[in-house]
file run27.txt (compact mmCIF, N, CA, C and O atoms)
# COMPACT_ATOMS: atom_id res chain seq x y z
N MET M 1 -131.64 9.90 37.56
CA MET M 1 -131.70 10.12 36.15
C MET M 1 -132.95 10.95 35.84
O MET M 1 -133.94 10.44 35.37
N THR M 2 -132.83 12.21 36.17
CA THR M 2 -133.97 13.08 35.99
C THR M 2 -133.50 14.48 35.70
O THR M 2 -132.40 14.86 36.07
N SER M 3 -134.34 15.23 35.04
CA SER M 3 -134.02 16.64 34.82
C SER M 3 -134.58 17.49 35.94
O SER M 3 -134.31 18.69 36.00
N ALA M 4 -135.33 16.89 36.86
CA ALA M 4 -135.86 17.62 38.00
C ALA M 4 -134.74 17.93 38.99
O ALA M 4 -133.79 17.16 39.13
N ARG M 5 -134.86 19.05 39.65
CA ARG M 5 -133.88 19.42 40.66
C ARG M 5 -134.21 18.70 41.98
O ARG M 5 -135.31 18.21 42.16
N ILE M 6 -133.24 18.65 42.86
CA ILE M 6 -133.40 17.99 44.16
C ILE M 6 -134.64 18.52 44.87
O ILE M 6 -135.43 17.76 45.43
N GLU M 7 -134.83 19.84 44.83
CA GLU M 7 -135.98 20.45 45.50
C GLU M 7 -137.30 19.98 44.90
O GLU M 7 -138.26 19.75 45.62
N GLU M 8 -137.34 19.85 43.59
CA GLU M 8 -138.55 19.40 42.91
C GLU M 8 -138.89 17.95 43.25
O GLU M 8 -140.05 17.55 43.18
N LEU M 9 -137.89 17.18 43.59
CA LEU M 9 -138.10 15.78 43.95
C LEU M 9 -138.46 15.61 45.42
O LEU M 9 -138.74 14.50 45.87
N GLY M 10 -138.45 16.72 46.16
CA GLY M 10 -138.77 16.65 47.58
C GLY M 10 -137.63 16.07 48.41
O GLY M 10 -137.86 15.55 49.50
N LEU M 11 -136.41 16.18 47.91
CA LEU M 11 -135.27 15.58 48.60
C LEU M 11 -134.32 16.60 49.20
O LEU M 11 -133.25 16.24 49.69
N ALA M 12 -134.69 17.86 49.19
CA ALA M 12 -133.79 18.91 49.69
C ALA M 12 -133.45 18.71 51.16
O ALA M 12 -132.29 18.86 51.56
N ASP M 13 -134.43 18.39 51.98
CA ASP M 13 -134.17 18.19 53.40
C ASP M 13 -133.24 17.01 53.64
O ASP M 13 -132.33 17.07 54.47
N LEU M 14 -133.47 15.94 52.91
CA LEU M 14 -132.60 14.77 53.04
C LEU M 14 -131.18 15.11 52.62
O LEU M 14 -130.22 14.78 53.34
N ALA M 15 -131.03 15.78 51.51
CA ALA M 15 -129.70 16.15 51.03
C ALA M 15 -129.01 17.07 52.03
O ALA M 15 -127.80 16.94 52.28
N ALA M 16 -129.76 18.00 52.62
CA ALA M 16 -129.18 18.94 53.59
C ALA M 16 -128.81 18.26 54.90
O ALA M 16 -127.98 18.76 55.65
N SER M 17 -129.40 17.11 55.18
CA SER M 17 -129.14 16.44 56.46
C SER M 17 -127.82 15.68 56.48
O SER M 17 -127.38 15.23 57.53
N VAL M 18 -127.18 15.55 55.34
CA VAL M 18 -125.91 14.83 55.27
C VAL M 18 -124.78 15.86 55.19
O VAL M 18 -124.63 16.53 54.17
N PRO M 19 -124.00 16.01 56.27
CA PRO M 19 -122.95 17.03 56.27
C PRO M 19 -121.95 16.82 55.14
O PRO M 19 -121.54 15.70 54.85
N HIS M 20 -121.59 17.88 54.51
CA HIS M 20 -120.56 17.91 53.46
C HIS M 20 -120.92 17.10 52.22
O HIS M 20 -120.06 16.79 51.42
N ALA M 21 -122.17 16.73 52.07
CA ALA M 21 -122.59 15.98 50.89
C ALA M 21 -123.14 16.95 49.84
O ALA M 21 -123.65 18.01 50.17
N VAL M 22 -122.99 16.56 48.61
CA VAL M 22 -123.55 17.33 47.51
C VAL M 22 -124.45 16.39 46.72
O VAL M 22 -124.02 15.32 46.29
N ALA M 23 -125.70 16.75 46.58
CA ALA M 23 -126.65 15.94 45.80
C ALA M 23 -127.08 16.75 44.60
O ALA M 23 -127.58 17.86 44.73
N LEU M 24 -126.86 16.20 43.44
CA LEU M 24 -127.22 16.86 42.18
C LEU M 24 -127.96 15.86 41.31
O LEU M 24 -127.82 14.65 41.47
N THR M 25 -128.73 16.37 40.37
CA THR M 25 -129.40 15.49 39.42
C THR M 25 -128.79 15.68 38.04
O THR M 25 -128.19 16.71 37.75
N VAL M 26 -128.94 14.65 37.23
CA VAL M 26 -128.44 14.67 35.86
C VAL M 26 -129.57 14.17 34.97
O VAL M 26 -130.13 13.10 35.23
N PRO M 27 -129.91 14.91 33.91
CA PRO M 27 -130.95 14.43 32.99
C PRO M 27 -130.39 13.34 32.07
O PRO M 27 -130.33 13.49 30.85
N ALA M 28 -129.99 12.24 32.67
CA ALA M 28 -129.22 11.22 31.96
C ALA M 28 -129.96 10.60 30.78
O ALA M 28 -129.38 10.41 29.71
N THR M 29 -131.20 10.26 30.96
CA THR M 29 -131.94 9.64 29.86
C THR M 29 -132.13 10.61 28.71
O THR M 29 -131.95 10.24 27.54
N VAL M 30 -132.44 11.85 29.02
CA VAL M 30 -132.62 12.87 27.98
C VAL M 30 -131.33 13.07 27.20
O VAL M 30 -131.34 13.12 25.96
N VAL M 31 -130.22 13.16 27.91
CA VAL M 31 -128.92 13.34 27.25
C VAL M 31 -128.58 12.13 26.39
O VAL M 31 -128.14 12.27 25.24
N ALA M 32 -128.81 10.94 26.91
CA ALA M 32 -128.52 9.73 26.15
C ALA M 32 -129.32 9.67 24.86
O ALA M 32 -128.78 9.41 23.79
N VAL M 33 -130.60 9.93 24.96
CA VAL M 33 -131.45 9.89 23.77
C VAL M 33 -131.01 10.94 22.75
O VAL M 33 -130.95 10.67 21.55
N ARG M 34 -130.65 12.12 23.23
CA ARG M 34 -130.21 13.18 22.32
C ARG M 34 -128.94 12.79 21.58
O ARG M 34 -128.78 13.06 20.40
N HIS M 35 -128.01 12.11 22.26
CA HIS M 35 -126.72 11.81 21.65
C HIS M 35 -126.71 10.53 20.83
O HIS M 35 -126.02 10.47 19.81
N PHE M 36 -127.43 9.49 21.28
CA PHE M 36 -127.37 8.26 20.50
C PHE M 36 -128.69 7.54 20.34
O PHE M 36 -128.75 6.38 19.97
N GLY M 37 -129.77 8.27 20.60
CA GLY M 37 -131.08 7.77 20.24
C GLY M 37 -131.66 6.66 21.09
O GLY M 37 -132.69 6.10 20.74
N ARG M 38 -131.01 6.34 22.19
CA ARG M 38 -131.52 5.27 23.06
C ARG M 38 -131.43 5.72 24.51
O ARG M 38 -130.50 6.43 24.89
N PRO M 39 -132.36 5.26 25.35
CA PRO M 39 -132.34 5.65 26.76
C PRO M 39 -131.38 4.79 27.59
O PRO M 39 -131.78 4.08 28.51
N VAL M 40 -130.12 4.85 27.23
CA VAL M 40 -129.09 4.10 27.94
C VAL M 40 -128.17 5.13 28.61
O VAL M 40 -127.27 5.68 27.98
N PRO M 41 -128.39 5.39 29.90
CA PRO M 41 -127.72 6.51 30.54
C PRO M 41 -126.34 6.23 31.12
O PRO M 41 -125.73 7.12 31.71
N ASN M 42 -125.81 5.04 30.97
CA ASN M 42 -124.56 4.68 31.64
C ASN M 42 -123.42 5.66 31.39
O ASN M 42 -122.81 6.14 32.35
N PRO M 43 -123.05 5.98 30.14
CA PRO M 43 -121.93 6.90 29.94
C PRO M 43 -122.24 8.30 30.46
O PRO M 43 -121.35 9.01 30.91
N VAL M 44 -123.50 8.68 30.41
CA VAL M 44 -123.90 9.99 30.94
C VAL M 44 -123.66 10.03 32.44
O VAL M 44 -123.07 10.99 32.96
N LEU M 45 -124.07 9.00 33.13
CA LEU M 45 -123.88 8.95 34.58
C LEU M 45 -122.40 8.87 34.94
O LEU M 45 -121.97 9.46 35.94
N LEU M 46 -121.61 8.20 34.15
CA LEU M 46 -120.17 8.16 34.39
C LEU M 46 -119.56 9.55 34.25
O LEU M 46 -118.69 9.94 35.03
N GLY M 47 -120.01 10.31 33.25
CA GLY M 47 -119.53 11.68 33.10
C GLY M 47 -119.90 12.53 34.30
O GLY M 47 -119.09 13.33 34.79
N GLY M 48 -121.12 12.37 34.80
CA GLY M 48 -121.54 13.09 35.99
C GLY M 48 -120.73 12.70 37.21
O GLY M 48 -120.33 13.56 38.01
N LEU M 49 -120.48 11.41 37.37
CA LEU M 49 -119.69 10.92 38.49
C LEU M 49 -118.27 11.50 38.44
O LEU M 49 -117.73 11.93 39.46
N ALA M 50 -117.69 11.53 37.25
CA ALA M 50 -116.35 12.09 37.10
C ALA M 50 -116.32 13.55 37.52
O ALA M 50 -115.38 14.00 38.19
N ALA M 51 -117.33 14.31 37.15
CA ALA M 51 -117.38 15.73 37.50
C ALA M 51 -117.58 15.93 38.99
O ALA M 51 -116.98 16.81 39.60
N LEU M 52 -118.42 15.12 39.59
CA LEU M 52 -118.75 15.30 41.00
C LEU M 52 -117.64 14.84 41.92
O LEU M 52 -117.34 15.49 42.93
N THR M 53 -116.98 13.75 41.58
CA THR M 53 -116.01 13.15 42.51
C THR M 53 -114.55 13.39 42.12
O THR M 53 -113.68 13.28 42.98
N GLY M 54 -114.30 13.62 40.85
CA GLY M 54 -112.92 13.74 40.40
C GLY M 54 -112.19 12.40 40.38
O GLY M 54 -110.97 12.33 40.30
N CYS M 55 -112.95 11.29 40.43
CA CYS M 55 -112.35 9.96 40.48
C CYS M 55 -111.65 9.58 39.18
O CYS M 55 -110.81 8.68 39.18
N VAL M 56 -112.01 10.24 38.11
CA VAL M 56 -111.38 10.00 36.81
C VAL M 56 -111.47 11.29 36.00
O VAL M 56 -112.44 12.04 36.13
N ARG M 57 -110.47 11.57 35.20
CA ARG M 57 -110.51 12.75 34.33
C ARG M 57 -111.45 12.47 33.17
O ARG M 57 -111.54 11.34 32.68
N ILE M 58 -112.13 13.51 32.73
CA ILE M 58 -113.09 13.33 31.63
C ILE M 58 -112.39 12.85 30.36
O ILE M 58 -112.94 12.04 29.62
N GLY M 59 -111.18 13.30 30.13
CA GLY M 59 -110.44 12.83 28.96
C GLY M 59 -110.14 11.34 29.02
O GLY M 59 -110.23 10.63 28.01
N SER M 60 -109.79 10.86 30.19
CA SER M 60 -109.53 9.42 30.36
C SER M 60 -110.81 8.62 30.16
O SER M 60 -110.81 7.56 29.52
N LEU M 61 -111.91 9.15 30.70
CA LEU M 61 -113.19 8.46 30.56
C LEU M 61 -113.62 8.39 29.10
O LEU M 61 -114.00 7.33 28.61
N THR M 62 -113.54 9.51 28.40
CA THR M 62 -114.00 9.50 27.00
C THR M 62 -113.09 8.66 26.12
O THR M 62 -113.56 8.01 25.20
N THR M 63 -111.80 8.64 26.43
CA THR M 63 -110.89 7.77 25.67
C THR M 63 -111.27 6.31 25.87
O THR M 63 -111.33 5.53 24.90
N ALA M 64 -111.55 5.92 27.11
CA ALA M 64 -111.94 4.54 27.39
C ALA M 64 -113.25 4.19 26.69
O ALA M 64 -113.39 3.09 26.13
N ILE M 65 -114.20 5.11 26.70
CA ILE M 65 -115.48 4.87 26.01
C ILE M 65 -115.25 4.68 24.52
O ILE M 65 -115.78 3.74 23.91
N GLU M 66 -114.45 5.55 23.93
CA GLU M 66 -114.22 5.46 22.48
C GLU M 66 -113.42 4.22 22.10
O GLU M 66 -113.58 3.69 21.00
N GLU M 67 -112.55 3.75 22.99
CA GLU M 67 -111.81 2.52 22.72
C GLU M 67 -112.74 1.31 22.80
O GLU M 67 -112.63 0.38 22.02
N ARG M 68 -113.66 1.35 23.75
CA ARG M 68 -114.59 0.22 23.93
C ARG M 68 -115.65 0.18 22.84
O ARG M 68 -116.08 -0.89 22.40
N PHE M 69 -116.09 1.35 22.40
CA PHE M 69 -117.12 1.48 21.38
C PHE M 69 -116.60 2.35 20.24
O PHE M 69 -116.88 3.54 20.18
N PRO M 70 -115.84 1.78 19.33
CA PRO M 70 -115.26 2.58 18.25
C PRO M 70 -116.34 3.11 17.30
O PRO M 70 -117.46 2.59 17.24
N GLY M 71 -115.99 4.15 16.59
CA GLY M 71 -116.89 4.69 15.58
C GLY M 71 -117.89 5.68 16.14
O GLY M 71 -117.67 6.31 17.18
N ARG M 72 -119.02 5.80 15.43
CA ARG M 72 -120.03 6.79 15.80
C ARG M 72 -120.63 6.54 17.17
O ARG M 72 -120.91 7.48 17.90
N LEU M 73 -120.84 5.29 17.54
CA LEU M 73 -121.43 4.99 18.84
C LEU M 73 -120.51 5.46 19.98
O LEU M 73 -120.96 6.08 20.94
N GLY M 74 -119.23 5.18 19.85
CA GLY M 74 -118.28 5.63 20.87
C GLY M 74 -118.20 7.15 20.93
O GLY M 74 -118.16 7.72 22.03
N ALA M 75 -118.20 7.79 19.79
CA ALA M 75 -118.14 9.26 19.75
C ALA M 75 -119.39 9.85 20.39
O ALA M 75 -119.31 10.83 21.15
N ALA M 76 -120.54 9.26 20.13
CA ALA M 76 -121.79 9.76 20.71
C ALA M 76 -121.82 9.54 22.22
O ALA M 76 -122.24 10.41 22.98
N ASN M 77 -121.36 8.37 22.66
CA ASN M 77 -121.30 8.09 24.10
C ASN M 77 -120.33 9.04 24.80
O ASN M 77 -120.62 9.53 25.89
N ALA M 78 -119.20 9.29 24.17
CA ALA M 78 -118.21 10.21 24.76
C ALA M 78 -118.77 11.63 24.83
O ALA M 78 -118.59 12.33 25.83
N ALA M 79 -119.47 12.05 23.79
CA ALA M 79 -120.08 13.37 23.80
C ALA M 79 -121.13 13.49 24.91
O ALA M 79 -121.24 14.52 25.57
N ALA M 80 -121.89 12.43 25.10
CA ALA M 80 -122.91 12.43 26.16
C ALA M 80 -122.24 12.51 27.54
O ALA M 80 -122.71 13.24 28.42
N ALA M 81 -121.13 11.80 27.71
CA ALA M 81 -120.40 11.87 28.98
C ALA M 81 -119.85 13.27 29.22
O ALA M 81 -119.93 13.80 30.34
N ARG M 82 -119.32 13.89 28.16
CA ARG M 82 -118.81 15.27 28.29
C ARG M 82 -119.93 16.25 28.63
O ARG M 82 -119.73 17.16 29.44
N GLU M 83 -121.10 16.07 28.03
CA GLU M 83 -122.22 16.94 28.34
C GLU M 83 -122.62 16.81 29.81
O GLU M 83 -122.86 17.82 30.49
N ALA M 84 -122.69 15.59 30.29
CA ALA M 84 -123.05 15.38 31.70
C ALA M 84 -121.98 15.95 32.62
O ALA M 84 -122.30 16.55 33.65
N PHE M 85 -120.73 15.80 32.25
CA PHE M 85 -119.63 16.35 33.02
C PHE M 85 -119.80 17.87 33.16
O PHE M 85 -119.73 18.42 34.26
N ALA M 86 -120.05 18.53 32.04
CA ALA M 86 -120.24 19.99 32.06
C ALA M 86 -121.48 20.37 32.86
O ALA M 86 -121.47 21.36 33.61
N HIS M 87 -122.54 19.59 32.73
CA HIS M 87 -123.78 19.86 33.46
C HIS M 87 -123.53 19.80 34.97
O HIS M 87 -123.93 20.69 35.72
N VAL M 88 -122.88 18.74 35.41
CA VAL M 88 -122.65 18.57 36.84
C VAL M 88 -121.68 19.64 37.36
O VAL M 88 -121.89 20.18 38.45
N ARG M 89 -120.66 19.97 36.59
CA ARG M 89 -119.76 21.04 37.01
C ARG M 89 -120.52 22.35 37.20
O ARG M 89 -120.32 23.05 38.19
N ALA M 90 -121.39 22.67 36.27
CA ALA M 90 -122.17 23.91 36.37
C ALA M 90 -123.11 23.86 37.57
O ALA M 90 -123.24 24.83 38.32
N GLU M 91 -123.77 22.72 37.78
CA GLU M 91 -124.66 22.57 38.93
C GLU M 91 -123.90 22.68 40.24
O GLU M 91 -124.37 23.29 41.19
N ARG M 92 -122.73 22.09 40.28
CA ARG M 92 -121.92 22.15 41.51
C ARG M 92 -121.48 23.57 41.80
O ARG M 92 -121.51 24.01 42.95
N GLU M 93 -121.07 24.30 40.77
CA GLU M 93 -120.68 25.70 40.96
C GLU M 93 -121.87 26.51 41.48
O GLU M 93 -121.71 27.34 42.38
N GLU M 94 -123.04 26.27 40.93
CA GLU M 94 -124.24 26.94 41.41
C GLU M 94 -124.52 26.59 42.86
O GLU M 94 -124.88 27.46 43.67
N HIS M 95 -124.34 25.34 43.22
CA HIS M 95 -124.54 24.87 44.59
C HIS M 95 -123.58 25.58 45.54
O HIS M 95 -123.97 26.04 46.62
N VAL M 96 -122.32 25.69 45.15
CA VAL M 96 -121.31 26.35 45.97
C VAL M 96 -121.64 27.83 46.15
O VAL M 96 -121.55 28.37 47.26
N ARG M 97 -122.06 28.49 45.06
CA ARG M 97 -122.44 29.91 45.16
C ARG M 97 -123.63 30.08 46.10
O ARG M 97 -123.66 31.00 46.89
N ALA M 98 -124.61 29.20 46.00
CA ALA M 98 -125.80 29.30 46.84
C ALA M 98 -125.44 29.11 48.32
O ALA M 98 -126.00 29.79 49.18
N GLU M 99 -124.52 28.21 48.60
CA GLU M 99 -124.09 28.01 49.98
C GLU M 99 -123.34 29.21 50.53
O GLU M 99 -123.40 29.51 51.71
N ALA M 100 -122.61 29.91 49.66
CA ALA M 100 -121.82 31.06 50.08
C ALA M 100 -122.71 32.26 50.40
O ALA M 100 -122.33 33.13 51.18
N ASP M 101 -123.89 32.31 49.81
CA ASP M 101 -124.80 33.45 50.04
C ASP M 101 -125.50 33.40 51.35
O ASP M 101 -125.63 32.63 52.11
call {"tool": "encode", "arguments": {"input": "run27.txt", "output": "structure tokens"}}
result
Amino acid sequence: MTSARIEELGLADLAASVPHAVALTVPATVVAVRHFGRPVPNPVLLGGLAALTGCVRIGSLTTAIEERFPGRLGAANAAAAREAFAHVRAEREEHVRAEAD
């Protein structure tokens, strides 16, 4: 849960040592605070997980969040999950391009 990149955390060598693994960071606390004013990163991390693994579609995730937390809180949590999803997708695309070079 950091806005720092893997390299900035000193974890690049560790991440590179695991074949076929992708290690990305998500500014989860920052996103959570921006969307609903509290440092509760759970929905943000779920959005990132969905983007990285494909284990759940973002639409299914946000629907479940909004059903569990109706109203403004659910909408804010869903928006935070979508932001993290987009962030991780962009980071992953950048990672793939860097590996191709």
call {"tool": "residues_around", "arguments": {"input": "run27.txt", "residues": "region 40-43 of chain M", "least_positions_apart": "3", "cutoff": "8 Å", "atoms": "all atoms listed in the file", "output": "ChimeraX atom specification"}}
result
/M:1,27-33,36-37,46-50,61,65,76-85
call {"tool": "axis_aligned_box", "arguments": {"input": "run27.txt", "around": "region 48-58 of chain M", "padding_each_side": "3 Å", "output": "lines of an AutoDock Vina configuration file"}}
result
center_x = -116.0
center_y = 12.7
center_z = 36.3
size_x = 17.1
size_y = 14.1
size_z = 19.4
call {"tool": "atom_distance", "arguments": {"input": "run27.txt", "atom1": "atom N of Arg72 (chain M)", "atom2": "CA of Arg38 (chain M)"}}
result
14.7 Å
call {"tool": "residues_around", "arguments": {"input": "run27.txt", "residues": "region 51-57 of chain M", "least_positions_apart": "6", "cutoff": "7 Å", "atoms": "all atoms listed in the file", "output": "PyMOL selection string"}}
result
chain M and resi 45+63+84-86+88-89
call {"tool": "atom_distance", "arguments": {"input": "run27.txt", "atom1": "atom C of Phe69 (chain M)", "atom2": "atom C of Leu24 (chain M)"}}
result
27.5 Å
call {"tool": "atom_distance", "arguments": {"input": "run27.txt", "atom1": "CA of Ala16 (chain M)", "atom2": "CA of Glu99 (chain M)"}}
result
11.0 Å
call {"tool": "select_by_dssp", "arguments": {"input": "run27.txt", "residues": "chain M", "states": "alpha helix (DSSP H)", "output": "ChimeraX atom specification"}}
result
/M:12-16,28-36,42-53,58-68,72-100
call {"tool": "closest_residue", "arguments": {"input": "run27.txt", "among": "M:Ala12, M:Ala98, M:Ala75, M:Ile6", "to": "Thr62 (chain M)", "atoms": "only C-alpha atoms"}}
result
M:Ala75
call {"tool": "closest_residue", "arguments": {"input": "run27.txt", "among": "M:Ala23, M:Ala15, M:Val96, M:His87", "to": "Val44 (chain M)", "atoms": "only C-alpha atoms"}}
result
M:His87
call {"tool": "closest_residue", "arguments": {"input": "run27.txt", "among": "M:Ala90, M:His35, M:Ala4, M:Leu9", "to": "Leu73 (chain M)", "atoms": "only N, CA, C and O atoms"}}
result
M:His35
call {"tool": "closest_residue", "arguments": {"input": "run27.txt", "among": "M:Ser60, M:Gly10, M:Pro70, M:His95", "to": "Val22 (chain M)", "atoms": "only C-alpha atoms"}}
result
M:His95
call {"tool": "closest_residue", "arguments": {"input": "run27.txt", "among": "M:Pro39, M:Asp101, M:Glu91, M:Glu67", "to": "Thr25 (chain M)", "atoms": "all atoms listed in the file"}}
result
M:Glu91
call {"tool": "build_atoms", "arguments": {"input": "run27.txt", "residues": "region 48-58 of chain M", "atoms": "all heavy atoms", "output": "compact mmCIF listing (two decimals), in the frame of the given file"}}
result
# COMPACT_ATOMS: atom_id res chain seq x y z
N GLY M 48 -121.12 12.37 34.80
CA GLY M 48 -121.54 13.09 35.99
C GLY M 48 -120.73 12.70 37.21
O GLY M 48 -120.33 13.56 38.01
N LEU M 49 -120.48 11.41 37.37
CA LEU M 49 -119.69 10.92 38.49
C LEU M 49 -118.27 11.50 38.44
O LEU M 49 -117.73 11.93 39.46
CB LEU M 49 -119.63 9.39 38.47
CG LEU M 49 -118.78 8.75 39.56
CD1 LEU M 49 -119.44 8.92 40.93
CD2 LEU M 49 -118.57 7.27 39.26
N ALA M 50 -117.69 11.53 37.25
CA ALA M 50 -116.35 12.09 37.10
C ALA M 50 -116.32 13.55 37.52
O ALA M 50 -115.38 14.00 38.19
CB ALA M 50 -115.88 11.94 35.65
N ALA M 51 -117.33 14.31 37.15
CA ALA M 51 -117.38 15.73 37.50
C ALA M 51 -117.58 15.93 38.99
O ALA M 51 -116.98 16.81 39.60
CB ALA M 51 -118.50 16.43 36.73
N LEU M 52 -118.42 15.12 39.59
CA LEU M 52 -118.75 15.30 41.00
C LEU M 52 -117.64 14.84 41.92
O LEU M 52 -117.34 15.49 42.93
CB LEU M 52 -120.05 14.55 41.34
CG LEU M 52 -120.61 14.77 42.73
CD1 LEU M 52 -120.95 16.25 42.97
CD2 LEU M 52 -121.85 13.91 42.93
N THR M 53 -116.98 13.75 41.58
CA THR M 53 -116.01 13.15 42.51
C THR M 53 -114.55 13.39 42.12
O THR M 53 -113.68 13.28 42.98
CB THR M 53 -116.21 11.63 42.60
OG1 THR M 53 -115.89 11.03 41.34
CG2 THR M 53 -117.63 11.29 43.01
N GLY M 54 -114.30 13.62 40.85
CA GLY M 54 -112.92 13.74 40.40
C GLY M 54 -112.19 12.40 40.38
O GLY M 54 -110.97 12.33 40.30
N CYS M 55 -112.95 11.29 40.43
CA CYS M 55 -112.35 9.96 40.48
C CYS M 55 -111.65 9.58 39.18
O CYS M 55 -110.81 8.68 39.18
CB CYS M 55 -113.39 8.91 40.87
SG CYS M 55 -114.71 8.69 39.66
N VAL M 56 -112.01 10.24 38.11
CA VAL M 56 -111.38 10.00 36.81
C VAL M 56 -111.47 11.29 36.00
O VAL M 56 -112.44 12.04 36.13
CB VAL M 56 -112.04 8.81 36.07
CG1 VAL M 56 -113.48 9.10 35.74
CG2 VAL M 56 -111.27 8.43 34.83
N ARG M 57 -110.47 11.57 35.20
CA ARG M 57 -110.51 12.75 34.33
C ARG M 57 -111.45 12.47 33.17
O ARG M 57 -111.54 11.34 32.68
CB ARG M 57 -109.12 13.08 33.81
CG ARG M 57 -108.16 13.55 34.90
CD ARG M 57 -106.83 14.01 34.33
NE ARG M 57 -106.35 13.14 33.27
CZ ARG M 57 -105.35 12.28 33.40
NH1 ARG M 57 -104.72 12.17 34.53
NH2 ARG M 57 -104.98 11.53 32.38
N ILE M 58 -112.13 13.51 32.73
CA ILE M 58 -113.09 13.33 31.63
C ILE M 58 -112.39 12.85 30.36
O ILE M 58 -112.94 12.04 29.62
CB ILE M 58 -113.94 14.60 31.40
CG1 ILE M 58 -115.09 14.32 30.43
CG2 ILE M 58 -113.07 15.75 30.91
CD1 ILE M 58 -116.10 13.31 30.90
